[in-house]
>>> print(open('data-v1.tsv').read())   # TSV, N, CA and C atoms
chain	number	residue	atom	x	y	z
A	1	GLN	N	-4.89	-5.54	12.33
A	1	GLN	CA	-4.32	-6.25	11.21
A	1	GLN	C	-4.91	-5.71	9.92
A	2	VAL	N	-4.05	-5.34	9.02
A	2	VAL	CA	-4.50	-4.77	7.75
A	2	VAL	C	-4.91	-5.91	6.80
A	3	GLN	N	-6.04	-5.73	6.19
A	3	GLN	CA	-6.52	-6.71	5.22
A	3	GLN	C	-7.08	-5.98	4.01
A	4	LEU	N	-6.68	-6.43	2.83
A	4	LEU	CA	-7.20	-5.88	1.59
A	4	LEU	C	-8.01	-6.97	0.90
A	5	VAL	N	-9.19	-6.62	0.45
A	5	VAL	CA	-10.06	-7.60	-0.18
A	5	VAL	C	-10.50	-7.07	-1.54
A	6	GLU	N	-10.08	-7.76	-2.60
A	6	GLU	CA	-10.49	-7.36	-3.94
A	6	GLU	C	-11.78	-8.08	-4.34
A	7	SER	N	-12.53	-7.44	-5.20
A	7	SER	CA	-13.71	-8.06	-5.77
A	7	SER	C	-14.00	-7.42	-7.12
A	8	GLY	N	-14.88	-8.04	-7.88
A	8	GLY	CA	-15.31	-7.45	-9.14
A	8	GLY	C	-14.73	-8.10	-10.38
A	9	GLY	N	-13.84	-9.04	-10.21
A	9	GLY	CA	-13.29	-9.72	-11.38
A	9	GLY	C	-14.32	-10.62	-12.03
A	10	GLY	N	-13.97	-11.13	-13.19
A	10	GLY	CA	-14.87	-12.03	-13.90
A	10	GLY	C	-14.43	-12.23	-15.33
A	11	SER	N	-15.33	-12.77	-16.12
A	11	SER	CA	-15.06	-13.03	-17.53
A	11	SER	C	-15.92	-12.12	-18.39
A	12	VAL	N	-15.28	-11.45	-19.33
A	12	VAL	CA	-15.99	-10.55	-20.24
A	12	VAL	C	-15.44	-10.73	-21.65
A	13	GLN	N	-16.20	-10.27	-22.61
A	13	GLN	CA	-15.70	-10.25	-23.98
A	13	GLN	C	-14.91	-8.99	-24.24
A	14	ALA	N	-14.06	-9.07	-25.23
A	14	ALA	CA	-13.26	-7.90	-25.60
A	14	ALA	C	-14.17	-6.71	-25.87
A	15	GLY	N	-13.75	-5.56	-25.39
A	15	GLY	CA	-14.54	-4.35	-25.52
A	15	GLY	C	-15.43	-4.07	-24.33
A	16	GLY	N	-15.57	-5.04	-23.46
A	16	GLY	CA	-16.40	-4.89	-22.28
A	16	GLY	C	-15.72	-4.14	-21.16
A	17	SER	N	-16.43	-4.04	-20.03
A	17	SER	CA	-15.94	-3.28	-18.88
A	17	SER	C	-16.12	-4.08	-17.60
A	18	LEU	N	-15.26	-3.79	-16.64
A	18	LEU	CA	-15.37	-4.32	-15.30
A	18	LEU	C	-14.93	-3.25	-14.33
A	19	ARG	N	-15.47	-3.30	-13.12
A	19	ARG	CA	-14.99	-2.42	-12.07
A	19	ARG	C	-14.52	-3.27	-10.90
A	20	LEU	N	-13.25	-3.15	-10.60
A	20	LEU	CA	-12.67	-3.84	-9.47
A	20	LEU	C	-12.73	-2.96	-8.23
A	21	SER	N	-12.93	-3.60	-7.09
A	21	SER	CA	-12.94	-2.89	-5.82
A	21	SER	C	-11.88	-3.47	-4.90
A	22	CYS	N	-11.31	-2.60	-4.10
A	22	CYS	CA	-10.33	-3.01	-3.10
A	22	CYS	C	-10.74	-2.39	-1.78
A	23	ALA	N	-11.30	-3.20	-0.91
A	23	ALA	CA	-11.72	-2.73	0.41
A	23	ALA	C	-10.59	-2.94	1.39
A	24	VAL	N	-10.29	-1.90	2.15
A	24	VAL	CA	-9.17	-1.94	3.09
A	24	VAL	C	-9.70	-1.95	4.51
A	25	TYR	N	-9.28	-2.93	5.29
A	25	TYR	CA	-9.73	-3.07	6.67
A	25	TYR	C	-8.54	-2.95	7.61
A	26	GLY	N	-8.79	-2.35	8.76
A	26	GLY	CA	-7.78	-2.31	9.82
A	26	GLY	C	-6.59	-1.43	9.53
A	27	TYR	N	-6.76	-0.48	8.64
A	27	TYR	CA	-5.62	0.34	8.22
A	27	TYR	C	-5.70	1.66	8.98
A	28	THR	N	-4.93	1.82	10.04
A	28	THR	CA	-4.91	3.08	10.76
A	28	THR	C	-4.13	4.11	9.98
A	29	GLY	N	-4.52	5.36	10.14
A	29	GLY	CA	-3.82	6.39	9.38
A	29	GLY	C	-4.11	6.32	7.90
A	30	TRP	N	-5.35	6.02	7.59
A	30	TRP	CA	-5.74	5.87	6.18
A	30	TRP	C	-5.41	7.10	5.37
A	31	SER	N	-5.40	8.25	6.03
A	31	SER	CA	-5.19	9.49	5.29
A	31	SER	C	-3.79	9.63	4.74
A	32	GLY	N	-2.88	8.80	5.17
A	32	GLY	CA	-1.52	8.90	4.65
A	32	GLY	C	-1.06	7.60	4.05
A	33	ASN	N	-1.50	7.31	2.84
A	33	ASN	CA	-1.14	6.04	2.26
A	33	ASN	C	-1.21	6.12	0.75
A	34	CYS	N	-0.72	5.09	0.13
A	34	CYS	CA	-0.79	4.92	-1.32
A	34	CYS	C	-1.36	3.54	-1.59
A	35	VAL	N	-2.27	3.47	-2.52
A	35	VAL	CA	-2.84	2.19	-2.94
A	35	VAL	C	-2.60	2.00	-4.42
A	36	GLY	N	-2.08	0.87	-4.77
A	36	GLY	CA	-1.80	0.56	-6.16
A	36	GLY	C	-2.54	-0.68	-6.63
A	37	TRP	N	-2.81	-0.71	-7.91
A	37	TRP	CA	-3.36	-1.91	-8.56
A	37	TRP	C	-2.26	-2.52	-9.41
A	38	PHE	N	-2.15	-3.83	-9.31
A	38	PHE	CA	-1.16	-4.59	-10.08
A	38	PHE	C	-1.87	-5.74	-10.78
A	39	ARG	N	-1.21	-6.31	-11.76
A	39	ARG	CA	-1.73	-7.52	-12.37
A	39	ARG	C	-0.57	-8.43	-12.73
A	40	GLN	N	-0.91	-9.72	-12.81
A	40	GLN	CA	0.09	-10.70	-13.15
A	40	GLN	C	-0.54	-11.78	-14.01
A	41	ALA	N	-0.04	-11.91	-15.22
A	41	ALA	CA	-0.48	-12.96	-16.12
A	41	ALA	C	0.43	-14.16	-15.96
A	42	PRO	N	-0.03	-15.36	-16.30
A	42	PRO	CA	0.82	-16.55	-16.17
A	42	PRO	C	2.14	-16.40	-16.92
A	43	GLY	N	3.22	-16.70	-16.23
A	43	GLY	CA	4.53	-16.63	-16.85
A	43	GLY	C	5.11	-15.24	-16.97
A	44	LYS	N	4.41	-14.25	-16.45
A	44	LYS	CA	4.89	-12.87	-16.54
A	44	LYS	C	5.10	-12.28	-15.16
A	45	GLU	N	5.87	-11.20	-15.13
A	45	GLU	CA	6.10	-10.52	-13.87
A	45	GLU	C	4.87	-9.68	-13.48
A	46	ARG	N	4.77	-9.42	-12.18
A	46	ARG	CA	3.70	-8.56	-11.70
A	46	ARG	C	3.98	-7.13	-12.15
A	47	GLU	N	3.00	-6.49	-12.74
A	47	GLU	CA	3.19	-5.13	-13.25
A	47	GLU	C	2.22	-4.16	-12.61
A	48	GLY	N	2.72	-2.96	-12.36
A	48	GLY	CA	1.87	-1.92	-11.81
A	48	GLY	C	0.97	-1.34	-12.88
A	49	ILE	N	-0.30	-1.11	-12.52
A	49	ILE	CA	-1.27	-0.57	-13.46
A	49	ILE	C	-1.58	0.88	-13.13
A	50	ALA	N	-1.89	1.14	-11.88
A	50	ALA	CA	-2.29	2.49	-11.47
A	50	ALA	C	-2.14	2.62	-9.97
A	51	ALA	N	-2.08	3.86	-9.52
A	51	ALA	CA	-1.98	4.12	-8.09
A	51	ALA	C	-2.70	5.42	-7.76
A	52	ILE	N	-3.10	5.53	-6.49
A	52	ILE	CA	-3.78	6.72	-6.02
A	52	ILE	C	-3.41	6.94	-4.57
A	53	ASN	N	-3.32	8.22	-4.16
A	53	ASN	CA	-3.10	8.47	-2.75
A	53	ASN	C	-4.45	8.63	-2.04
A	54	ALA	N	-4.41	8.68	-0.72
A	54	ALA	CA	-5.65	8.68	0.05
A	54	ALA	C	-6.49	9.91	-0.22
A	55	ALA	N	-5.83	11.03	-0.45
A	55	ALA	CA	-6.56	12.26	-0.70
A	55	ALA	C	-7.17	12.30	-2.09
A	56	GLY	N	-6.73	11.41	-2.95
A	56	GLY	CA	-7.19	11.43	-4.34
A	56	GLY	C	-6.57	12.52	-5.16
A	57	SER	N	-5.56	13.16	-4.60
A	57	SER	CA	-4.92	14.27	-5.31
A	57	SER	C	-3.83	13.80	-6.25
A	58	PHE	N	-3.44	12.56	-6.14
A	58	PHE	CA	-2.42	11.97	-7.00
A	58	PHE	C	-2.95	10.70	-7.61
A	59	THR	N	-2.88	10.60	-8.93
A	59	THR	CA	-3.14	9.35	-9.62
A	59	THR	C	-2.08	9.18	-10.69
A	60	SER	N	-1.78	7.95	-10.97
A	60	SER	CA	-0.80	7.67	-12.01
A	60	SER	C	-1.14	6.32	-12.65
A	61	TYR	N	-0.79	6.18	-13.92
A	61	TYR	CA	-1.12	4.98	-14.67
A	61	TYR	C	0.11	4.49	-15.43
A	62	ALA	N	0.10	3.19	-15.69
A	62	ALA	CA	1.12	2.64	-16.57
A	62	ALA	C	1.03	3.36	-17.91
A	63	ASP	N	2.18	3.63	-18.52
A	63	ASP	CA	2.22	4.54	-19.65
A	63	ASP	C	1.37	4.11	-20.84
A	64	SER	N	1.53	2.90	-21.28
A	64	SER	CA	0.91	2.57	-22.56
A	64	SER	C	-0.18	1.51	-22.47
A	65	SER	N	-0.04	0.61	-21.54
A	65	SER	CA	-0.92	-0.56	-21.60
A	65	SER	C	-2.35	-0.25	-21.16
A	66	VAL	N	-2.53	0.70	-20.22
A	66	VAL	CA	-3.88	0.91	-19.69
A	66	VAL	C	-4.33	2.36	-19.71
A	67	LYS	N	-3.40	3.27	-19.91
A	67	LYS	CA	-3.76	4.69	-19.84
A	67	LYS	C	-4.83	5.01	-20.88
A	68	GLY	N	-5.86	5.71	-20.45
A	68	GLY	CA	-6.96	6.04	-21.35
A	68	GLY	C	-8.09	5.04	-21.31
A	69	ARG	N	-7.83	3.85	-20.77
A	69	ARG	CA	-8.88	2.83	-20.67
A	69	ARG	C	-9.27	2.54	-19.22
A	70	PHE	N	-8.32	2.65	-18.31
A	70	PHE	CA	-8.57	2.34	-16.90
A	70	PHE	C	-8.60	3.63	-16.10
A	71	VAL	N	-9.43	3.65	-15.07
A	71	VAL	CA	-9.52	4.82	-14.19
A	71	VAL	C	-9.51	4.33	-12.74
A	72	ILE	N	-8.60	4.89	-11.95
A	72	ILE	CA	-8.52	4.56	-10.53
A	72	ILE	C	-9.20	5.67	-9.74
A	73	SER	N	-9.91	5.28	-8.69
A	73	SER	CA	-10.59	6.26	-7.84
A	73	SER	C	-10.68	5.69	-6.44
A	74	GLN	N	-11.09	6.55	-5.50
A	74	GLN	CA	-11.19	6.08	-4.13
A	74	GLN	C	-12.39	6.70	-3.45
A	75	ASP	N	-12.88	6.00	-2.45
A	75	ASP	CA	-13.96	6.49	-1.59
A	75	ASP	C	-13.46	6.33	-0.17
A	76	ASN	N	-12.97	7.42	0.39
A	76	ASN	CA	-12.38	7.33	1.73
A	76	ASN	C	-13.40	6.94	2.79
A	77	ALA	N	-14.62	7.34	2.61
A	77	ALA	CA	-15.65	7.00	3.58
A	77	ALA	C	-15.84	5.49	3.68
A	78	LYS	N	-15.57	4.81	2.58
A	78	LYS	CA	-15.70	3.36	2.55
A	78	LYS	C	-14.35	2.66	2.60
A	79	SER	N	-13.27	3.44	2.68
A	79	SER	CA	-11.91	2.86	2.65
A	79	SER	C	-11.78	1.88	1.49
A	80	THR	N	-12.20	2.33	0.34
A	80	THR	CA	-12.23	1.46	-0.84
A	80	THR	C	-11.62	2.19	-2.02
A	81	VAL	N	-10.83	1.46	-2.77
A	81	VAL	CA	-10.25	1.97	-4.01
A	81	VAL	C	-10.81	1.15	-5.16
A	82	TYR	N	-11.12	1.84	-6.25
A	82	TYR	CA	-11.73	1.19	-7.40
A	82	TYR	C	-10.81	1.26	-8.61
A	83	LEU	N	-10.99	0.31	-9.49
A	83	LEU	CA	-10.32	0.35	-10.79
A	83	LEU	C	-11.38	0.06	-11.85
A	84	GLN	N	-11.79	1.11	-12.54
A	84	GLN	CA	-12.74	0.98	-13.64
A	84	GLN	C	-11.97	0.62	-14.90
A	85	MET	N	-12.32	-0.50	-15.50
A	85	MET	CA	-11.59	-0.99	-16.68
A	85	MET	C	-12.54	-1.02	-17.86
A	86	ASN	N	-12.23	-0.23	-18.87
A	86	ASN	CA	-13.05	-0.13	-20.06
A	86	ASN	C	-12.28	-0.62	-21.29
A	87	SER	N	-13.01	-0.89	-22.34
A	87	SER	CA	-12.41	-1.34	-23.60
A	87	SER	C	-11.40	-2.47	-23.36
A	88	LEU	N	-11.84	-3.45	-22.62
A	88	LEU	CA	-10.93	-4.54	-22.23
A	88	LEU	C	-10.48	-5.33	-23.44
A	89	LYS	N	-9.24	-5.79	-23.36
A	89	LYS	CA	-8.62	-6.57	-24.42
A	89	LYS	C	-8.20	-7.92	-23.88
A	90	PRO	N	-8.05	-8.91	-24.76
A	90	PRO	CA	-7.60	-10.23	-24.28
A	90	PRO	C	-6.28	-10.15	-23.51
A	91	GLU	N	-5.40	-9.23	-23.89
A	91	GLU	CA	-4.12	-9.11	-23.19
A	91	GLU	C	-4.26	-8.53	-21.79
A	92	ASP	N	-5.46	-8.08	-21.41
A	92	ASP	CA	-5.70	-7.64	-20.04
A	92	ASP	C	-5.98	-8.82	-19.11
A	93	THR	N	-6.10	-10.01	-19.66
A	93	THR	CA	-6.35	-11.18	-18.85
A	93	THR	C	-5.22	-11.42	-17.87
A	94	ALA	N	-5.55	-11.49	-16.59
A	94	ALA	CA	-4.54	-11.64	-15.54
A	94	ALA	C	-5.24	-11.74	-14.20
A	95	MET	N	-4.44	-12.04	-13.17
A	95	MET	CA	-4.90	-11.89	-11.79
A	95	MET	C	-4.58	-10.46	-11.40
A	96	TYR	N	-5.57	-9.78	-10.84
A	96	TYR	CA	-5.40	-8.39	-10.44
A	96	TYR	C	-5.34	-8.30	-8.92
A	97	TYR	N	-4.37	-7.53	-8.45
A	97	TYR	CA	-4.14	-7.36	-7.03
A	97	TYR	C	-4.15	-5.88	-6.67
A	98	CYS	N	-4.63	-5.58	-5.47
A	98	CYS	CA	-4.40	-4.25	-4.93
A	98	CYS	C	-3.39	-4.38	-3.78
A	99	ALA	N	-2.69	-3.28	-3.55
A	99	ALA	CA	-1.66	-3.25	-2.53
A	99	ALA	C	-1.66	-1.87	-1.88
A	100	ALA	N	-1.26	-1.83	-0.62
A	100	ALA	CA	-1.27	-0.56	0.11
A	100	ALA	C	0.01	-0.40	0.90
A	101	ARG	N	0.35	0.84	1.14
A	101	ARG	CA	1.53	1.13	1.94
A	101	ARG	C	1.34	2.51	2.57
A	102	TYR	N	2.04	2.77	3.67
A	102	TYR	CA	2.06	4.10	4.26
A	102	TYR	C	2.97	5.00	3.43
A	103	GLY	N	2.65	6.27	3.44
A	103	GLY	CA	3.48	7.23	2.75
A	103	GLY	C	2.96	7.57	1.37
A	104	ASP	N	3.77	8.32	0.62
A	104	ASP	CA	3.32	8.79	-0.68
A	104	ASP	C	3.48	7.69	-1.73
A	105	CYS	N	3.17	8.07	-2.97
A	105	CYS	CA	3.17	7.10	-4.06
A	105	CYS	C	4.45	7.15	-4.90
A	106	PHE	N	5.53	7.59	-4.30
A	106	PHE	CA	6.80	7.55	-5.02
A	106	PHE	C	7.10	6.12	-5.45
A	107	ALA	N	7.55	5.97	-6.71
A	107	ALA	CA	7.86	4.64	-7.26
A	107	ALA	C	6.72	3.66	-7.04
A	108	TRP	N	5.52	4.10	-7.35
A	108	TRP	CA	4.33	3.33	-7.03
A	108	TRP	C	4.28	2.00	-7.77
A	109	ALA	N	4.95	1.87	-8.90
A	109	ALA	CA	4.81	0.66	-9.69
A	109	ALA	C	5.75	-0.47	-9.25
A	110	VAL	N	6.51	-0.23	-8.21
A	110	VAL	CA	7.45	-1.25	-7.73
A	110	VAL	C	6.78	-2.10	-6.66
A	111	PRO	N	6.52	-3.37	-6.93
A	111	PRO	CA	5.75	-4.19	-5.99
A	111	PRO	C	6.35	-4.29	-4.60
A	112	ASN	N	7.66	-4.37	-4.48
A	112	ASN	CA	8.22	-4.61	-3.15
A	112	ASN	C	8.20	-3.38	-2.27
A	113	ARG	N	7.66	-2.29	-2.75
A	113	ARG	CA	7.48	-1.11	-1.91
A	113	ARG	C	6.17	-1.14	-1.12
A	114	TYR	N	5.38	-2.17	-1.33
A	114	TYR	CA	4.08	-2.27	-0.67
A	114	TYR	C	4.13	-3.30	0.45
A	115	ALA	N	3.52	-2.93	1.58
A	115	ALA	CA	3.54	-3.82	2.73
A	115	ALA	C	2.34	-4.77	2.77
A	116	TYR	N	1.25	-4.36	2.15
A	116	TYR	CA	0.02	-5.12	2.28
A	116	TYR	C	-0.55	-5.43	0.90
A	117	TRP	N	-1.02	-6.68	0.76
A	117	TRP	CA	-1.56	-7.15	-0.51
A	117	TRP	C	-2.89	-7.88	-0.31
A	118	GLY	N	-3.75	-7.76	-1.31
A	118	GLY	CA	-4.95	-8.55	-1.32
A	118	GLY	C	-4.68	-9.92	-1.93
A	119	GLN	N	-5.72	-10.74	-1.96
A	119	GLN	CA	-5.59	-12.11	-2.44
A	119	GLN	C	-5.71	-12.21	-3.95
A	120	GLY	N	-6.18	-11.16	-4.58
A	120	GLY	CA	-6.29	-11.14	-6.03
A	120	GLY	C	-7.68	-11.49	-6.53
A	121	THR	N	-8.00	-10.97	-7.69
A	121	THR	CA	-9.25	-11.29	-8.36
A	121	THR	C	-8.95	-11.52	-9.85
A	122	GLN	N	-9.50	-12.58	-10.41
A	122	GLN	CA	-9.17	-12.96	-11.77
A	122	GLN	C	-10.01	-12.19	-12.78
A	123	VAL	N	-9.35	-11.68	-13.80
A	123	VAL	CA	-10.03	-11.04	-14.92
A	123	VAL	C	-9.66	-11.81	-16.19
A	124	THR	N	-10.68	-12.25	-16.90
A	124	THR	CA	-10.47	-12.99	-18.14
A	124	THR	C	-11.25	-12.30	-19.26
A	125	VAL	N	-10.54	-11.94	-20.32
A	125	VAL	CA	-11.15	-11.25	-21.45
A	125	VAL	C	-11.03	-12.14	-22.68
A	126	SER	N	-12.14	-12.48	-23.26
A	126	SER	CA	-12.14	-13.35	-24.43
A	126	SER	C	-12.32	-12.52	-25.70
A	127	SER	N	-11.74	-13.04	-26.77
A	127	SER	CA	-11.82	-12.31	-28.05
A	127	SER	C	-13.08	-12.67	-28.82
>>> encode(input="data-v1.tsv", output="structure tokens")
Amino acid sequence: QVQLVESGGGSVQAGGSLRLSCAVYGYTGWSGNCVGWFRQAPGKEREGIAAINAAGSFTSYADSSVKGRFVISQDNAKSTVYLQMNSLKPEDTAMYYCAARYGDCFAWAVPNRYAYWGQGTQVTVSS
């Protein structure tokens, strides 16, 4: 049974940093998958932030909202994907989720393309 567990959320002031982790358990064929980070603020749709393939040879970010501030990375030995978030802004406040699926990262920002989701970790940025 595949299980994704996020951690690392919390409350920070604007300009601060957080690193989110997504540990993946029970995922056979780890070498052929895509993992994405999403977030959802109250009253808003879930949006894709970034994605990475298992080899780390592909990464992609949302065009304007996070590019240049967030960095996605992976540690295959630990079956863990990270999201380093720098220069945080109040508008980054949301529940953050990681998601995984078999195959490549085509259309990575579309939530319904992912089979497995974590429970989410809350990020709150105060001004």
>>> residues_around(input="data-v1.tsv", residues="segment 9-23 of chain A", least_positions_apart="3", cutoff="7 Å", atoms="only C-alpha atoms", output="list in words")
Leu4, Val5, Glu6, Ser79, Thr80, Val81, Tyr82, Leu83, Gln84, Met85, Asn86, Ser87, Leu88, Lys89, Pro90, Cys98, Thr121, Gln122, Val123, Thr124, Val125, Ser126 and Ser127 of chain A
>>> write_last_selection(input="data-v1.tsv", atoms="N, CA and C atoms", output="PDB file, keeping the file's coordinate frame")
ATOM      1  N   LEU A   4      -6.680  -6.430   2.830  1.00  0.00           N
ATOM      2  CA  LEU A   4      -7.200  -5.880   1.590  1.00  0.00           C
ATOM      3  C   LEU A   4      -8.010  -6.970   0.900  1.00  0.00           C
ATOM      4  N   VAL A   5      -9.190  -6.620   0.450  1.00  0.00           N
ATOM      5  CA  VAL A   5     -10.060  -7.600  -0.180  1.00  0.00           C
ATOM      6  C   VAL A   5     -10.500  -7.070  -1.540  1.00  0.00           C
ATOM      7  N   GLU A   6     -10.080  -7.760  -2.600  1.00  0.00           N
ATOM      8  CA  GLU A   6     -10.490  -7.360  -3.940  1.00  0.00           C
ATOM      9  C   GLU A   6     -11.780  -8.080  -4.340  1.00  0.00           C
ATOM     10  N   SER A  79     -13.270   3.440   2.680  1.00  0.00           N
ATOM     11  CA  SER A  79     -11.910   2.860   2.650  1.00  0.00           C
ATOM     12  C   SER A  79     -11.780   1.880   1.490  1.00  0.00           C
ATOM     13  N   THR A  80     -12.200   2.330   0.340  1.00  0.00           N
ATOM     14  CA  THR A  80     -12.230   1.460  -0.840  1.00  0.00           C
ATOM     15  C   THR A  80     -11.620   2.190  -2.020  1.00  0.00           C
ATOM     16  N   VAL A  81     -10.830   1.460  -2.770  1.00  0.00           N
ATOM     17  CA  VAL A  81     -10.250   1.970  -4.010  1.00  0.00           C
ATOM     18  C   VAL A  81     -10.810   1.150  -5.160  1.00  0.00           C
ATOM     19  N   TYR A  82     -11.120   1.840  -6.250  1.00  0.00           N
ATOM     20  CA  TYR A  82     -11.730   1.190  -7.400  1.00  0.00           C
ATOM     21  C   TYR A  82     -10.810   1.260  -8.610  1.00  0.00           C
ATOM     22  N   LEU A  83     -10.990   0.310  -9.490  1.00  0.00           N
ATOM     23  CA  LEU A  83     -10.320   0.350 -10.790  1.00  0.00           C
ATOM     24  C   LEU A  83     -11.380   0.060 -11.850  1.00  0.00           C
ATOM     25  N   GLN A  84     -11.790   1.110 -12.540  1.00  0.00           N
ATOM     26  CA  GLN A  84     -12.740   0.980 -13.640  1.00  0.00           C
ATOM     27  C   GLN A  84     -11.970   0.620 -14.900  1.00  0.00           C
ATOM     28  N   MET A  85     -12.320  -0.500 -15.500  1.00  0.00           N
ATOM     29  CA  MET A  85     -11.590  -0.990 -16.680  1.00  0.00           C
ATOM     30  C   MET A  85     -12.540  -1.020 -17.860  1.00  0.00           C
ATOM     31  N   ASN A  86     -12.230  -0.230 -18.870  1.00  0.00           N
ATOM     32  CA  ASN A  86     -13.050  -0.130 -20.060  1.00  0.00           C
ATOM     33  C   ASN A  86     -12.280  -0.620 -21.290  1.00  0.00           C
ATOM     34  N   SER A  87     -13.010  -0.890 -22.340  1.00  0.00           N
ATOM     35  CA  SER A  87     -12.410  -1.340 -23.600  1.00  0.00           C
ATOM     36  C   SER A  87     -11.400  -2.470 -23.360  1.00  0.00           C
ATOM     37  N   LEU A  88     -11.840  -3.450 -22.620  1.00  0.00           N
ATOM     38  CA  LEU A  88     -10.930  -4.540 -22.230  1.00  0.00           C
ATOM     39  C   LEU A  88     -10.480  -5.330 -23.440  1.00  0.00           C
ATOM     40  N   LYS A  89      -9.240  -5.790 -23.360  1.00  0.00           N
ATOM     41  CA  LYS A  89      -8.620  -6.570 -24.420  1.00  0.00           C
ATOM     42  C   LYS A  89      -8.200  -7.920 -23.880  1.00  0.00           C
ATOM     43  N   PRO A  90      -8.050  -8.910 -24.760  1.00  0.00           N
ATOM     44  CA  PRO A  90      -7.600 -10.230 -24.280  1.00  0.00           C
ATOM     45  C   PRO A  90      -6.280 -10.150 -23.510  1.00  0.00           C
ATOM     46  N   CYS A  98      -4.630  -5.580  -5.470  1.00  0.00           N
ATOM     47  CA  CYS A  98      -4.400  -4.250  -4.930  1.00  0.00           C
ATOM     48  C   CYS A  98      -3.390  -4.380  -3.780  1.00  0.00           C
ATOM     49  N   THR A 121      -8.000 -10.970  -7.690  1.00  0.00           N
ATOM     50  CA  THR A 121      -9.250 -11.290  -8.360  1.00  0.00           C
ATOM     51  C   THR A 121      -8.950 -11.520  -9.850  1.00  0.00           C
ATOM     52  N   GLN A 122      -9.500 -12.580 -10.410  1.00  0.00           N
ATOM     53  CA  GLN A 122      -9.170 -12.960 -11.770  1.00  0.00           C
ATOM     54  C   GLN A 122     -10.010 -12.190 -12.780  1.00  0.00           C
ATOM     55  N   VAL A 123      -9.350 -11.680 -13.800  1.00  0.00           N
ATOM     56  CA  VAL A 123     -10.030 -11.040 -14.920  1.00  0.00           C
ATOM     57  C   VAL A 123      -9.660 -11.810 -16.190  1.00  0.00           C
ATOM     58  N   THR A 124     -10.680 -12.250 -16.900  1.00  0.00           N
ATOM     59  CA  THR A 124     -10.470 -12.990 -18.140  1.00  0.00           C
ATOM     60  C   THR A 124     -11.250 -12.300 -19.260  1.00  0.00           C
ATOM     61  N   VAL A 125     -10.540 -11.940 -20.320  1.00  0.00           N
ATOM     62  CA  VAL A 125     -11.150 -11.250 -21.450  1.00  0.00           C
ATOM     63  C   VAL A 125     -11.030 -12.140 -22.680  1.00  0.00           C
ATOM     64  N   SER A 126     -12.140 -12.480 -23.260  1.00  0.00           N
ATOM     65  CA  SER A 126     -12.140 -13.350 -24.430  1.00  0.00           C
ATOM     66  C   SER A 126     -12.320 -12.520 -25.700  1.00  0.00           C
ATOM     67  N   SER A 127     -11.740 -13.040 -26.770  1.00  0.00           N
ATOM     68  CA  SER A 127     -11.820 -12.310 -28.050  1.00  0.00           C
ATOM     69  C   SER A 127     -13.080 -12.670 -28.820  1.00  0.00           C
TER      70      SER A 127
END
>>> closest_residue(input="data-v1.tsv", among="A:Ala115, A:Ala100, A:Lys78, A:Val2", to="Gly36 of chain A", atoms="all atoms listed in the file")
A:Ala100
>>> residues_around(input="data-v1.tsv", residues="Gly68 of chain A", least_positions_apart="2", cutoff="12 Å", atoms="only C-alpha atoms", output="JSON, numbers by chain")
{"A": [49, 50, 60, 61, 62, 63, 64, 65, 66, 70, 71, 72, 84, 85, 86, 87, 88]}
>>> select_by_dssp(input="data-v1.tsv", residues="segment 23-79 of chain A", states="strand (DSSP E or B)", output="ChimeraX atom specification")
/A:23-25,33-40,47-53,59-61,70-75
>>> closest_residue(input="data-v1.tsv", among="A:Tyr25, A:Tyr114, A:Trp108, A:Phe58", to="Gln3 of chain A", atoms="all atoms listed in the file")
A:Tyr25
>>> atom_distance(input="data-v1.tsv", atom1="atom CA of Gly103 of chain A", atom2="atom CA of Asn33 of chain A")
4.8 Å
>>> select_by_dssp(input="data-v1.tsv", residues="chain A", states="helix (DSSP H, G or I)", output="list in words")
Asn76, Ala77, Lys78, Pro90, Glu91, Asp92, Pro111, Asn112 and Arg113 of chain A
>>> atom_distance(input="data-v1.tsv", atom1="atom C of Gln119 of chain A", atom2="atom C of Ser57 of chain A")
26.2 Å
>>> closest_residue(input="data-v1.tsv", among="A:Gly26, A:Gly8, A:Phe38, A:Asp75", to="Ala99 of chain A", atoms="only N, CA and C atoms")
A:Phe38
>>> atom_distance(input="data-v1.tsv", atom1="atom CA of Glu91 of chain A", atom2="atom CA of Ala51 of chain A")
20.2 Å
>>> residues_near_point(input="data-v1.tsv", point="(-1.1, -8.8, -9.6)", cutoff="7 Å", atoms="only C-alpha atoms", output="MDAnalysis selection string")
chainID A and resid 38:40 46:47 95:97 120
>>> closest_residue(input="data-v1.tsv", among="A:Asn112, A:Ile52, A:Asp92, A:Gln1", to="Thr28 of chain A", atoms="all atoms listed in the file")
A:Gln1
